[in-house]
Amino acid sequence: MQQYSIIIVEDDEVTALNLKLSLQKQGYSIVAVCDSLNDAIDKIETFKPSLVVIDISLQESNDGIELAKKIRSSYSIPFIYITSYSDDDIISQAIKTEPYGYIVKPFDPSSLHATIQMAIFKFDVENQRYKELN
């Protein structure tokens, strides 16, 4: 498996550490762990990761959705959400950002791995199709 680089955006230290360890065990390179929107944008600029894992609720706001909007408009990087929110209002807000996956906490490491693999595959296929059409 190719080693993909990932940025984790999660403000809960325990969850961030669990994500990092789980993803490293699956063979991913964790290039940064961020706890805020601004830190995440700086790290995305610096590392240009293969994928970003975003918690919707950062520091008691929906900054994760704002970050996703920024990624969608400014970078060519897939992202998935990992969140404790599963209510329809939050999901409908998240859908508008066109994520490549949505995982509800607590997460299962094998489901997270499968979601990341599918997200990267879908992103690569979409980019290939776009190149072929242009």
# chains A, B, ... in the order shown; residues from 1 in each chain; ligands from 1
call {"tool": "residues_around", "arguments": {"residues": "Ile30 in chain A", "least_positions_apart": "2", "cutoff": "6 Å", "atoms": "only C-alpha atoms", "output": "list of chain:residue names"}}
result
A:Ser5, A:Ile6, A:Ile7, A:Ala32
call {"tool": "residues_around", "arguments": {"residues": "range 67-84 of chain A", "least_positions_apart": "6", "cutoff": "10 Å", "atoms": "only C-alpha atoms", "output": "mmCIF file with all heavy atoms, in the first residue's frame"}}
result
data_model
loop_
_atom_site.group_PDB
_atom_site.id
_atom_site.type_symbol
_atom_site.label_atom_id
_atom_site.label_comp_id
_atom_site.auth_asym_id
_atom_site.auth_seq_id
_atom_site.Cartn_x
_atom_site.Cartn_y
_atom_site.Cartn_z
ATOM 1 N N ILE A 6 -1.613 12.258 6.061
ATOM 2 C CA ILE A 6 -2.904 12.698 6.592
ATOM 3 C C ILE A 6 -2.695 13.775 7.642
ATOM 4 O O ILE A 6 -1.761 13.710 8.439
ATOM 5 C CB ILE A 6 -3.665 11.503 7.208
ATOM 6 C CG1 ILE A 6 -4.031 10.503 6.114
ATOM 7 C CG2 ILE A 6 -4.905 11.970 7.966
ATOM 8 C CD1 ILE A 6 -4.722 9.252 6.613
ATOM 9 N N ILE A 7 -3.586 14.764 7.613
ATOM 10 C CA ILE A 7 -3.672 15.746 8.680
ATOM 11 C C ILE A 7 -4.952 15.456 9.447
ATOM 12 O O ILE A 7 -6.014 15.279 8.854
ATOM 13 C CB ILE A 7 -3.676 17.190 8.142
ATOM 14 C CG1 ILE A 7 -2.297 17.538 7.575
ATOM 15 C CG2 ILE A 7 -4.084 18.183 9.241
ATOM 16 C CD1 ILE A 7 -2.200 18.924 6.976
ATOM 17 N N ILE A 8 -4.833 15.401 10.766
ATOM 18 C CA ILE A 8 -5.977 15.201 11.646
ATOM 19 C C ILE A 8 -6.344 16.552 12.245
ATOM 20 O O ILE A 8 -5.471 17.245 12.789
ATOM 21 C CB ILE A 8 -5.640 14.202 12.779
ATOM 22 C CG1 ILE A 8 -5.315 12.824 12.205
ATOM 23 C CG2 ILE A 8 -6.784 14.121 13.790
ATOM 24 C CD1 ILE A 8 -4.708 11.862 13.212
ATOM 25 N N VAL A 9 -7.612 16.914 12.147
ATOM 26 C CA VAL A 9 -8.094 18.155 12.748
ATOM 27 C C VAL A 9 -9.122 17.759 13.805
ATOM 28 O O VAL A 9 -10.262 17.418 13.493
ATOM 29 C CB VAL A 9 -8.715 19.099 11.695
ATOM 30 C CG1 VAL A 9 -9.090 20.422 12.338
ATOM 31 C CG2 VAL A 9 -7.758 19.313 10.521
ATOM 32 N N GLU A 10 -8.685 17.764 15.042
ATOM 33 C CA GLU A 10 -9.486 17.278 16.174
ATOM 34 C C GLU A 10 -9.052 18.023 17.430
ATOM 35 O O GLU A 10 -7.856 18.040 17.739
ATOM 36 C CB GLU A 10 -9.271 15.769 16.336
ATOM 37 C CG GLU A 10 -9.802 15.156 17.589
ATOM 38 C CD GLU A 10 -11.306 15.222 17.721
ATOM 39 O OE1 GLU A 10 -12.005 14.596 16.905
ATOM 40 O OE2 GLU A 10 -11.777 15.904 18.649
ATOM 41 N N LEU A 19 -6.880 8.606 17.060
ATOM 42 C CA LEU A 19 -6.886 8.663 15.593
ATOM 43 C C LEU A 19 -5.471 8.494 15.048
ATOM 44 O O LEU A 19 -5.236 7.700 14.129
ATOM 45 C CB LEU A 19 -7.463 9.987 15.105
ATOM 46 C CG LEU A 19 -8.965 10.113 15.042
ATOM 47 C CD1 LEU A 19 -9.376 11.571 14.864
ATOM 48 C CD2 LEU A 19 -9.522 9.268 13.913
ATOM 49 N N SER A 36 -7.445 23.579 15.610
ATOM 50 C CA SER A 36 -8.207 24.773 15.237
ATOM 51 C C SER A 36 -8.198 24.961 13.728
ATOM 52 O O SER A 36 -7.344 24.409 13.020
ATOM 53 C CB SER A 36 -7.607 26.017 15.894
ATOM 54 O OG SER A 36 -6.352 26.325 15.311
ATOM 55 N N LEU A 37 -9.120 25.750 13.268
ATOM 56 C CA LEU A 37 -9.258 26.045 11.840
ATOM 57 C C LEU A 37 -7.988 26.679 11.291
ATOM 58 O O LEU A 37 -7.456 26.242 10.267
ATOM 59 C CB LEU A 37 -10.460 26.980 11.643
ATOM 60 C CG LEU A 37 -10.672 27.479 10.239
ATOM 61 C CD1 LEU A 37 -11.914 26.839 9.635
ATOM 62 C CD2 LEU A 37 -10.864 28.979 10.250
ATOM 63 N N ASN A 38 -7.480 27.711 11.957
ATOM 64 C CA ASN A 38 -6.302 28.425 11.452
ATOM 65 C C ASN A 38 -5.053 27.556 11.440
ATOM 66 O O ASN A 38 -4.273 27.594 10.485
ATOM 67 C CB ASN A 38 -6.061 29.701 12.267
ATOM 68 C CG ASN A 38 -7.146 30.729 12.024
ATOM 69 O OD1 ASN A 38 -7.753 30.767 10.958
ATOM 70 N ND2 ASN A 38 -7.402 31.562 13.013
ATOM 71 N N ALA A 40 -5.027 24.334 11.146
ATOM 72 C CA ALA A 40 -5.229 23.353 10.072
ATOM 73 C C ALA A 40 -4.895 23.958 8.711
ATOM 74 O O ALA A 40 -4.229 23.321 7.890
ATOM 75 C CB ALA A 40 -6.660 22.844 10.090
ATOM 76 N N ILE A 41 -5.342 25.172 8.463
ATOM 77 C CA ILE A 41 -5.051 25.817 7.170
ATOM 78 C C ILE A 41 -3.547 25.992 6.994
ATOM 79 O O ILE A 41 -3.004 25.714 5.917
ATOM 80 C CB ILE A 41 -5.805 27.159 7.049
ATOM 81 C CG1 ILE A 41 -7.313 26.886 6.915
ATOM 82 C CG2 ILE A 41 -5.296 27.966 5.865
ATOM 83 C CD1 ILE A 41 -8.186 28.114 7.026
ATOM 84 N N ILE A 44 -2.085 22.552 6.214
ATOM 85 C CA ILE A 44 -2.440 22.115 4.858
ATOM 86 C C ILE A 44 -1.548 22.814 3.843
ATOM 87 O O ILE A 44 -1.040 22.191 2.912
ATOM 88 C CB ILE A 44 -3.938 22.369 4.572
ATOM 89 C CG1 ILE A 44 -4.791 21.410 5.404
ATOM 90 C CG2 ILE A 44 -4.242 22.219 3.079
ATOM 91 C CD1 ILE A 44 -6.274 21.764 5.438
ATOM 92 N N GLU A 45 -1.332 24.107 4.034
ATOM 93 C CA GLU A 45 -0.438 24.872 3.158
ATOM 94 C C GLU A 45 0.967 24.276 3.170
ATOM 95 O O GLU A 45 1.609 24.146 2.133
ATOM 96 C CB GLU A 45 -0.371 26.333 3.610
ATOM 97 C CG GLU A 45 -1.575 27.161 3.281
ATOM 98 C CD GLU A 45 -1.615 27.603 1.838
ATOM 99 O OE1 GLU A 45 -0.556 27.713 1.181
ATOM 100 O OE2 GLU A 45 -2.739 27.830 1.358
ATOM 101 N N LYS A 48 0.559 19.826 2.305
ATOM 102 C CA LYS A 48 -0.199 19.331 1.141
ATOM 103 C C LYS A 48 -0.499 17.829 1.294
ATOM 104 O O LYS A 48 -0.005 16.995 0.540
ATOM 105 C CB LYS A 48 0.560 19.572 -0.166
ATOM 106 C CG LYS A 48 1.009 20.999 -0.397
ATOM 107 C CD LYS A 48 -0.112 21.893 -0.820
ATOM 108 C CE LYS A 48 0.345 23.238 -1.318
ATOM 109 N NZ LYS A 48 0.506 24.264 -0.326
ATOM 110 N N PRO A 49 -1.297 17.462 2.297
ATOM 111 C CA PRO A 49 -1.528 16.046 2.595
ATOM 112 C C PRO A 49 -2.359 15.334 1.530
ATOM 113 O O PRO A 49 -3.000 15.976 0.694
ATOM 114 C CB PRO A 49 -2.297 16.103 3.921
ATOM 115 C CG PRO A 49 -3.067 17.382 3.811
ATOM 116 C CD PRO A 49 -2.118 18.341 3.130
ATOM 117 N N SER A 50 -2.367 14.017 1.610
ATOM 118 C CA SER A 50 -3.202 13.196 0.733
ATOM 119 C C SER A 50 -4.670 13.307 1.114
ATOM 120 O O SER A 50 -5.551 13.172 0.266
ATOM 121 C CB SER A 50 -2.794 11.728 0.826
ATOM 122 O OG SER A 50 -1.427 11.560 0.597
ATOM 123 N N LEU A 51 -4.935 13.541 2.417
ATOM 124 C CA LEU A 51 -6.299 13.571 2.932
ATOM 125 C C LEU A 51 -6.309 14.303 4.273
ATOM 126 O O LEU A 51 -5.308 14.297 4.979
ATOM 127 C CB LEU A 51 -6.809 12.137 3.130
ATOM 128 C CG LEU A 51 -8.232 11.984 3.644
ATOM 129 C CD1 LEU A 51 -9.068 11.162 2.674
ATOM 130 C CD2 LEU A 51 -8.233 11.334 5.011
ATOM 131 N N VAL A 52 -7.458 14.913 4.594
ATOM 132 C CA VAL A 52 -7.635 15.570 5.887
ATOM 133 C C VAL A 52 -8.825 14.916 6.591
ATOM 134 O O VAL A 52 -9.880 14.729 5.986
ATOM 135 C CB VAL A 52 -7.880 17.084 5.732
ATOM 136 C CG1 VAL A 52 -8.025 17.758 7.094
ATOM 137 C CG2 VAL A 52 -6.761 17.744 4.931
ATOM 138 N N VAL A 53 -8.627 14.550 7.852
ATOM 139 C CA VAL A 53 -9.695 14.017 8.696
ATOM 140 C C VAL A 53 -10.136 15.175 9.595
ATOM 141 O O VAL A 53 -9.321 15.717 10.343
ATOM 142 C CB VAL A 53 -9.206 12.831 9.550
ATOM 143 C CG1 VAL A 53 -10.304 12.362 10.502
ATOM 144 C CG2 VAL A 53 -8.731 11.682 8.672
ATOM 145 N N ILE A 54 -11.420 15.553 9.509
ATOM 146 C CA ILE A 54 -11.906 16.757 10.190
ATOM 147 C C ILE A 54 -13.018 16.430 11.184
ATOM 148 O O ILE A 54 -14.025 15.822 10.820
ATOM 149 C CB ILE A 54 -12.490 17.758 9.160
ATOM 150 C CG1 ILE A 54 -11.481 18.091 8.069
ATOM 151 C CG2 ILE A 54 -12.983 19.020 9.859
ATOM 152 C CD1 ILE A 54 -12.080 18.902 6.917
ATOM 153 N N ASP A 55 -12.840 16.917 12.407
ATOM 154 C CA ASP A 55 -13.933 16.904 13.381
ATOM 155 C C ASP A 55 -14.800 18.127 13.077
ATOM 156 O O ASP A 55 -14.278 19.222 12.896
ATOM 157 C CB ASP A 55 -13.379 16.971 14.802
ATOM 158 C CG ASP A 55 -14.454 16.946 15.874
ATOM 159 O OD1 ASP A 55 -15.607 16.582 15.574
ATOM 160 O OD2 ASP A 55 -14.138 17.293 17.020
ATOM 161 N N ILE A 56 -16.099 17.953 13.005
ATOM 162 C CA ILE A 56 -16.986 19.078 12.685
ATOM 163 C C ILE A 56 -16.952 20.140 13.773
ATOM 164 O O ILE A 56 -16.899 21.329 13.496
ATOM 165 C CB ILE A 56 -18.431 18.589 12.442
ATOM 166 C CG1 ILE A 56 -18.508 17.883 11.096
ATOM 167 C CG2 ILE A 56 -19.425 19.750 12.496
ATOM 168 C CD1 ILE A 56 -19.862 17.323 10.742
ATOM 169 N N SER A 57 -16.973 19.704 15.016
ATOM 170 C CA SER A 57 -17.047 20.648 16.135
ATOM 171 C C SER A 57 -15.658 20.899 16.709
ATOM 172 O O SER A 57 -15.111 20.061 17.415
ATOM 173 C CB SER A 57 -17.971 20.093 17.224
ATOM 174 O OG SER A 57 -18.017 20.980 18.305
ATOM 175 N N LEU A 58 -15.107 22.058 16.369
ATOM 176 C CA LEU A 58 -13.806 22.445 16.902
ATOM 177 C C LEU A 58 -14.003 23.596 17.878
ATOM 178 O O LEU A 58 -14.569 24.628 17.517
ATOM 179 C CB LEU A 58 -12.868 22.899 15.779
ATOM 180 C CG LEU A 58 -12.514 21.852 14.735
ATOM 181 C CD1 LEU A 58 -11.721 22.482 13.612
ATOM 182 C CD2 LEU A 58 -11.739 20.711 15.370
ATOM 183 N N ILE A 90 -26.952 18.820 11.205
ATOM 184 C CA ILE A 90 -25.493 18.826 11.014
ATOM 185 C C ILE A 90 -25.127 18.053 9.754
ATOM 186 O O ILE A 90 -24.284 18.497 8.965
ATOM 187 C CB ILE A 90 -24.763 18.227 12.237
ATOM 188 C CG1 ILE A 90 -24.983 19.090 13.469
ATOM 189 C CG2 ILE A 90 -23.282 18.036 11.960
ATOM 190 C CD1 ILE A 90 -24.335 20.456 13.440
ATOM 191 N N ALA A 94 -23.070 19.366 6.533
ATOM 192 C CA ALA A 94 -21.859 18.666 6.105
ATOM 193 C C ALA A 94 -21.956 18.233 4.638
ATOM 194 O O ALA A 94 -20.980 18.347 3.897
ATOM 195 C CB ALA A 94 -21.606 17.453 6.999
ATOM 196 N N LYS A 96 -23.331 19.627 2.176
ATOM 197 C CA LYS A 96 -23.091 20.762 1.271
ATOM 198 C C LYS A 96 -21.609 20.970 0.970
ATOM 199 O O LYS A 96 -21.265 21.565 -0.038
ATOM 200 C CB LYS A 96 -23.695 22.034 1.850
ATOM 201 C CG LYS A 96 -25.205 22.006 1.892
ATOM 202 C CD LYS A 96 -25.761 23.231 2.579
ATOM 203 C CE LYS A 96 -27.271 23.108 2.728
ATOM 204 N NZ LYS A 96 -27.826 24.147 3.597
ATOM 205 N N THR A 97 -20.732 20.475 1.833
ATOM 206 C CA THR A 97 -19.292 20.625 1.606
ATOM 207 C C THR A 97 -18.718 19.489 0.754
ATOM 208 O O THR A 97 -17.535 19.496 0.447
ATOM 209 C CB THR A 97 -18.524 20.698 2.936
ATOM 210 O OG1 THR A 97 -18.659 19.452 3.633
ATOM 211 C CG2 THR A 97 -19.023 21.852 3.802
ATOM 212 N N GLU A 98 -19.546 18.508 0.415
ATOM 213 C CA GLU A 98 -19.159 17.369 -0.422
ATOM 214 C C GLU A 98 -17.981 16.567 0.150
ATOM 215 O O GLU A 98 -16.962 16.377 -0.509
ATOM 216 C CB GLU A 98 -18.844 17.838 -1.839
ATOM 217 C CG GLU A 98 -20.011 18.535 -2.513
ATOM 218 C CD GLU A 98 -19.652 19.092 -3.881
ATOM 219 O OE1 GLU A 98 -18.834 18.469 -4.585
ATOM 220 O OE2 GLU A 98 -20.197 20.152 -4.225
ATOM 221 N N PRO A 99 -18.126 16.070 1.369
ATOM 222 C CA PRO A 99 -17.041 15.261 1.944
ATOM 223 C C PRO A 99 -16.927 13.918 1.228
ATOM 224 O O PRO A 99 -17.858 13.467 0.568
ATOM 225 C CB PRO A 99 -17.499 15.055 3.388
ATOM 226 C CG PRO A 99 -18.985 15.077 3.302
ATOM 227 C CD PRO A 99 -19.304 16.105 2.237
ATOM 228 N N TYR A 100 -15.804 13.279 1.406
ATOM 229 C CA TYR A 100 -15.582 11.952 0.832
ATOM 230 C C TYR A 100 -15.934 10.857 1.821
ATOM 231 O O TYR A 100 -15.792 9.680 1.513
ATOM 232 C CB TYR A 100 -14.134 11.818 0.346
ATOM 233 C CG TYR A 100 -13.905 12.560 -0.943
ATOM 234 C CD1 TYR A 100 -13.673 13.928 -0.946
ATOM 235 C CD2 TYR A 100 -13.958 11.900 -2.161
ATOM 236 C CE1 TYR A 100 -13.481 14.617 -2.137
ATOM 237 C CE2 TYR A 100 -13.764 12.576 -3.355
ATOM 238 C CZ TYR A 100 -13.535 13.935 -3.335
ATOM 239 O OH TYR A 100 -13.356 14.620 -4.514
ATOM 240 N N GLY A 101 -16.384 11.247 3.004
ATOM 241 C CA GLY A 101 -16.798 10.274 4.002
ATOM 242 C C GLY A 101 -17.283 10.974 5.251
ATOM 243 O O GLY A 101 -16.987 12.147 5.487
ATOM 244 N N TYR A 102 -18.055 10.229 6.065
ATOM 245 C CA TYR A 102 -18.618 10.773 7.301
ATOM 246 C C TYR A 102 -18.669 9.634 8.301
ATOM 247 O O TYR A 102 -19.390 8.655 8.091
ATOM 248 C CB TYR A 102 -20.025 11.314 7.027
ATOM 249 C CG TYR A 102 -20.623 12.153 8.127
ATOM 250 C CD1 TYR A 102 -20.606 13.539 8.047
ATOM 251 C CD2 TYR A 102 -21.233 11.570 9.235
ATOM 252 C CE1 TYR A 102 -21.176 14.325 9.038
ATOM 253 C CE2 TYR A 102 -21.801 12.343 10.238
ATOM 254 C CZ TYR A 102 -21.771 13.721 10.128
ATOM 255 O OH TYR A 102 -22.337 14.510 11.107
ATOM 256 N N ILE A 103 -17.878 9.737 9.356
ATOM 257 C CA ILE A 103 -17.806 8.687 10.363
ATOM 258 C C ILE A 103 -18.278 9.257 11.698
ATOM 259 O O ILE A 103 -17.836 10.337 12.099
ATOM 260 C CB ILE A 103 -16.366 8.158 10.502
ATOM 261 C CG1 ILE A 103 -15.947 7.477 9.190
ATOM 262 C CG2 ILE A 103 -16.240 7.205 11.680
ATOM 263 C CD1 ILE A 103 -14.522 7.020 9.161
ATOM 264 N N VAL A 104 -19.168 8.517 12.358
ATOM 265 C CA VAL A 104 -19.677 8.943 13.657
ATOM 266 C C VAL A 104 -18.831 8.290 14.758
ATOM 267 O O VAL A 104 -18.547 7.096 14.709
ATOM 268 C CB VAL A 104 -21.175 8.570 13.807
ATOM 269 C CG1 VAL A 104 -21.682 8.962 15.190
ATOM 270 C CG2 VAL A 104 -22.003 9.241 12.727
ATOM 271 N N LYS A 105 -18.403 9.123 15.712
ATOM 272 C CA LYS A 105 -17.635 8.622 16.859
ATOM 273 C C LYS A 105 -18.558 7.858 17.794
ATOM 274 O O LYS A 105 -19.728 8.207 17.896
ATOM 275 C CB LYS A 105 -17.020 9.792 17.633
ATOM 276 C CG LYS A 105 -16.017 10.597 16.880
ATOM 277 C CD LYS A 105 -15.600 11.780 17.759
ATOM 278 C CE LYS A 105 -14.821 12.804 17.004
ATOM 279 N NZ LYS A 105 -14.563 14.012 17.818
ATOM 280 N N PRO A 106 -18.053 6.890 18.519
ATOM 281 C CA PRO A 106 -16.668 6.432 18.481
ATOM 282 C C PRO A 106 -16.400 5.666 17.195
ATOM 283 O O PRO A 106 -17.269 4.968 16.679
ATOM 284 C CB PRO A 106 -16.562 5.517 19.700
ATOM 285 C CG PRO A 106 -17.959 5.049 19.955
ATOM 286 C CD PRO A 106 -18.863 6.148 19.480
ATOM 287 N N PHE A 107 -15.203 5.817 16.678
ATOM 288 C CA PHE A 107 -14.878 5.222 15.388
ATOM 289 C C PHE A 107 -14.293 3.826 15.547
ATOM 290 O O PHE A 107 -13.675 3.503 16.547
ATOM 291 C CB PHE A 107 -13.917 6.121 14.610
ATOM 292 C CG PHE A 107 -12.538 6.187 15.204
ATOM 293 C CD1 PHE A 107 -11.532 5.327 14.776
ATOM 294 C CD2 PHE A 107 -12.227 7.117 16.187
ATOM 295 C CE1 PHE A 107 -10.268 5.381 15.318
ATOM 296 C CE2 PHE A 107 -10.950 7.192 16.734
ATOM 297 C CZ PHE A 107 -9.967 6.322 16.299
ATOM 298 N N LEU A 112 -12.667 3.253 9.605
ATOM 299 C CA LEU A 112 -11.951 4.484 9.265
ATOM 300 C C LEU A 112 -10.982 4.221 8.120
ATOM 301 O O LEU A 112 -10.928 4.980 7.150
ATOM 302 C CB LEU A 112 -11.212 5.017 10.494
ATOM 303 C CG LEU A 112 -10.360 6.261 10.286
ATOM 304 C CD1 LEU A 112 -11.206 7.442 9.823
ATOM 305 C CD2 LEU A 112 -9.621 6.604 11.580
ATOM 306 N N THR A 115 -12.894 3.775 4.889
ATOM 307 C CA THR A 115 -13.426 5.055 4.418
ATOM 308 C C THR A 115 -12.324 5.897 3.790
ATOM 309 O O THR A 115 -12.526 6.522 2.737
ATOM 310 C CB THR A 115 -14.096 5.821 5.583
ATOM 311 O OG1 THR A 115 -15.163 5.011 6.094
ATOM 312 C CG2 THR A 115 -14.639 7.160 5.138
ATOM 313 N N ILE A 116 -11.153 5.908 4.401
ATOM 314 C CA ILE A 116 -10.022 6.668 3.840
ATOM 315 C C ILE A 116 -9.610 6.096 2.493
ATOM 316 O O ILE A 116 -9.389 6.840 1.526
ATOM 317 C CB ILE A 116 -8.835 6.683 4.829
ATOM 318 C CG1 ILE A 116 -9.183 7.584 6.024
ATOM 319 C CG2 ILE A 116 -7.553 7.153 4.152
ATOM 320 C CD1 ILE A 116 -8.191 7.505 7.165
ATOM 321 N N ALA A 119 -12.172 7.083 -0.053
ATOM 322 C CA ALA A 119 -12.108 8.524 -0.319
ATOM 323 C C ALA A 119 -10.960 8.853 -1.264
ATOM 324 O O ALA A 119 -11.140 9.586 -2.244
ATOM 325 C CB ALA A 119 -11.953 9.291 0.994
ATOM 326 N N ILE A 120 -9.798 8.296 -0.989
ATOM 327 C CA ILE A 120 -8.635 8.573 -1.838
ATOM 328 C C ILE A 120 -8.849 7.990 -3.227
ATOM 329 O O ILE A 120 -8.553 8.638 -4.236
ATOM 330 C CB ILE A 120 -7.341 8.041 -1.181
ATOM 331 C CG1 ILE A 120 -7.028 8.899 0.066
ATOM 332 C CG2 ILE A 120 -6.183 8.051 -2.155
ATOM 333 C CD1 ILE A 120 -5.906 8.358 0.930
ATOM 334 N N PHE A 121 -9.399 6.781 -3.307
ATOM 335 C CA PHE A 121 -9.682 6.172 -4.603
ATOM 336 C C PHE A 121 -10.669 7.022 -5.406
ATOM 337 O O PHE A 121 -10.433 7.329 -6.574
ATOM 338 C CB PHE A 121 -10.238 4.756 -4.415
ATOM 339 C CG PHE A 121 -10.682 4.127 -5.701
ATOM 340 C CD1 PHE A 121 -9.758 3.597 -6.590
ATOM 341 C CD2 PHE A 121 -12.031 4.090 -6.041
ATOM 342 C CE1 PHE A 121 -10.167 3.035 -7.799
ATOM 343 C CE2 PHE A 121 -12.442 3.531 -7.239
ATOM 344 C CZ PHE A 121 -11.514 3.001 -8.120
ATOM 345 N N LYS A 122 -11.766 7.424 -4.779
ATOM 346 C CA LYS A 122 -12.780 8.220 -5.474
ATOM 347 C C LYS A 122 -12.200 9.554 -5.928
ATOM 348 O O LYS A 122 -12.464 10.004 -7.049
ATOM 349 C CB LYS A 122 -13.985 8.438 -4.562
ATOM 350 C CG LYS A 122 -15.107 9.171 -5.255
ATOM 351 C CD LYS A 122 -16.337 9.271 -4.396
ATOM 352 C CE LYS A 122 -17.420 9.925 -5.242
ATOM 353 N NZ LYS A 122 -18.314 10.734 -4.552
ATOM 354 N N PHE A 123 -11.430 10.185 -5.082
ATOM 355 C CA PHE A 123 -10.798 11.459 -5.424
ATOM 356 C C PHE A 123 -9.881 11.287 -6.641
ATOM 357 O O PHE A 123 -9.921 12.092 -7.576
ATOM 358 C CB PHE A 123 -10.009 11.978 -4.219
ATOM 359 C CG PHE A 123 -9.309 13.275 -4.468
ATOM 360 C CD1 PHE A 123 -10.012 14.473 -4.442
ATOM 361 C CD2 PHE A 123 -7.945 13.307 -4.706
ATOM 362 C CE1 PHE A 123 -9.367 15.669 -4.656
ATOM 363 C CE2 PHE A 123 -7.291 14.499 -4.933
ATOM 364 C CZ PHE A 123 -7.998 15.689 -4.910
ATOM 365 N N ASP A 124 -9.068 10.235 -6.635
ATOM 366 C CA ASP A 124 -8.154 9.984 -7.748
ATOM 367 C C ASP A 124 -8.913 9.704 -9.050
ATOM 368 O O ASP A 124 -8.541 10.200 -10.114
ATOM 369 C CB ASP A 124 -7.222 8.815 -7.434
ATOM 370 C CG ASP A 124 -6.181 9.165 -6.377
ATOM 371 O OD1 ASP A 124 -5.978 10.371 -6.085
ATOM 372 O OD2 ASP A 124 -5.569 8.223 -5.822
ATOM 373 N N ASN A 127 -10.360 12.966 -10.406
ATOM 374 C CA ASN A 127 -9.315 13.790 -11.013
ATOM 375 C C ASN A 127 -8.880 13.226 -12.365
ATOM 376 O O ASN A 127 -8.642 13.988 -13.304
ATOM 377 C CB ASN A 127 -8.100 13.915 -10.088
ATOM 378 C CG ASN A 127 -8.328 14.941 -9.003
ATOM 379 O OD1 ASN A 127 -9.143 15.850 -9.158
ATOM 380 N ND2 ASN A 127 -7.626 14.802 -7.906
#
call {"tool": "select_by_dssp", "arguments": {"residues": "range 25-130 of chain A", "states": "helix (DSSP H, G or I)", "output": "ChimeraX atom specification"}}
result
/A:25,37-47,63-74,88-95,109-130
call {"tool": "select_by_dssp", "arguments": {"residues": "range 2-87 of chain A", "states": "strand (DSSP E or B)", "output": "list in words"}}
result
Ser5, Ile6, Ile7, Ile8, Val9, Ser29, Ile30, Val31, Ala32, Val33, Cys34, Leu51, Val52, Val53, Ile54, Leu58, Ser61, Phe79, Ile80, Tyr81, Ile82 and Thr83 of chain A
call {"tool": "closest_residue", "arguments": {"among": "A:Val33, A:Ile95, A:Ile65, A:Leu133", "to": "Val14 in chain A", "atoms": "only C-alpha atoms"}}
result
A:Val33
call {"tool": "atom_distance", "arguments": {"atom1": "CA of Lys25 in chain A", "atom2": "CA of Asp11 in chain A"}}
result
21.1 Å
call {"tool": "decode", "arguments": {"residues": "range 6-46 of chain A", "atoms": "C-alpha atoms", "output": "short mmCIF file (atom, residue, chain, number, x, y, z; two decimals), in the first residue's frame"}}
result
data_model
loop_
_atom_site.label_atom_id
_atom_site.label_comp_id
_atom_site.auth_asym_id
_atom_site.auth_seq_id
_atom_site.Cartn_x
_atom_site.Cartn_y
_atom_site.Cartn_z
CA ILE A 6 -2.90 12.70 6.59
CA ILE A 7 -3.67 15.75 8.68
CA ILE A 8 -5.98 15.20 11.65
CA VAL A 9 -8.09 18.16 12.75
CA GLU A 10 -9.49 17.28 16.17
CA ASP A 11 -9.62 19.43 19.31
CA ASP A 12 -10.07 16.59 21.80
CA GLU A 13 -6.57 15.40 22.73
CA VAL A 14 -7.57 11.82 23.56
CA THR A 15 -9.52 11.37 20.32
CA ALA A 16 -6.71 12.99 18.31
CA LEU A 17 -4.17 10.60 19.84
CA ASN A 18 -6.43 7.58 19.21
CA LEU A 19 -6.89 8.66 15.59
CA LYS A 20 -3.17 9.21 15.13
CA LEU A 21 -2.19 5.83 16.61
CA SER A 22 -4.92 3.97 14.71
CA LEU A 23 -3.94 5.54 11.41
CA GLN A 24 -0.23 4.99 11.94
CA LYS A 25 -0.96 1.33 12.72
CA GLN A 26 -2.76 1.14 9.35
CA GLY A 27 0.37 2.52 7.61
CA TYR A 28 -0.57 6.17 7.15
CA SER A 29 1.85 9.03 7.73
CA ILE A 30 0.35 11.58 10.11
CA VAL A 31 2.04 14.85 9.16
CA ALA A 32 0.12 17.06 11.60
CA VAL A 33 -2.54 17.07 14.30
CA CYS A 34 -4.40 20.39 14.56
CA ASP A 35 -6.97 21.65 17.03
CA SER A 36 -8.21 24.77 15.24
CA LEU A 37 -9.26 26.05 11.84
CA ASN A 38 -6.30 28.42 11.45
CA ASP A 39 -3.73 25.85 12.52
CA ALA A 40 -5.23 23.35 10.07
CA ILE A 41 -5.05 25.82 7.17
CA ASP A 42 -1.39 26.56 7.98
CA LYS A 43 -0.56 22.85 8.10
CA ILE A 44 -2.44 22.11 4.86
CA GLU A 45 -0.44 24.87 3.16
CA THR A 46 2.81 23.45 4.52
#
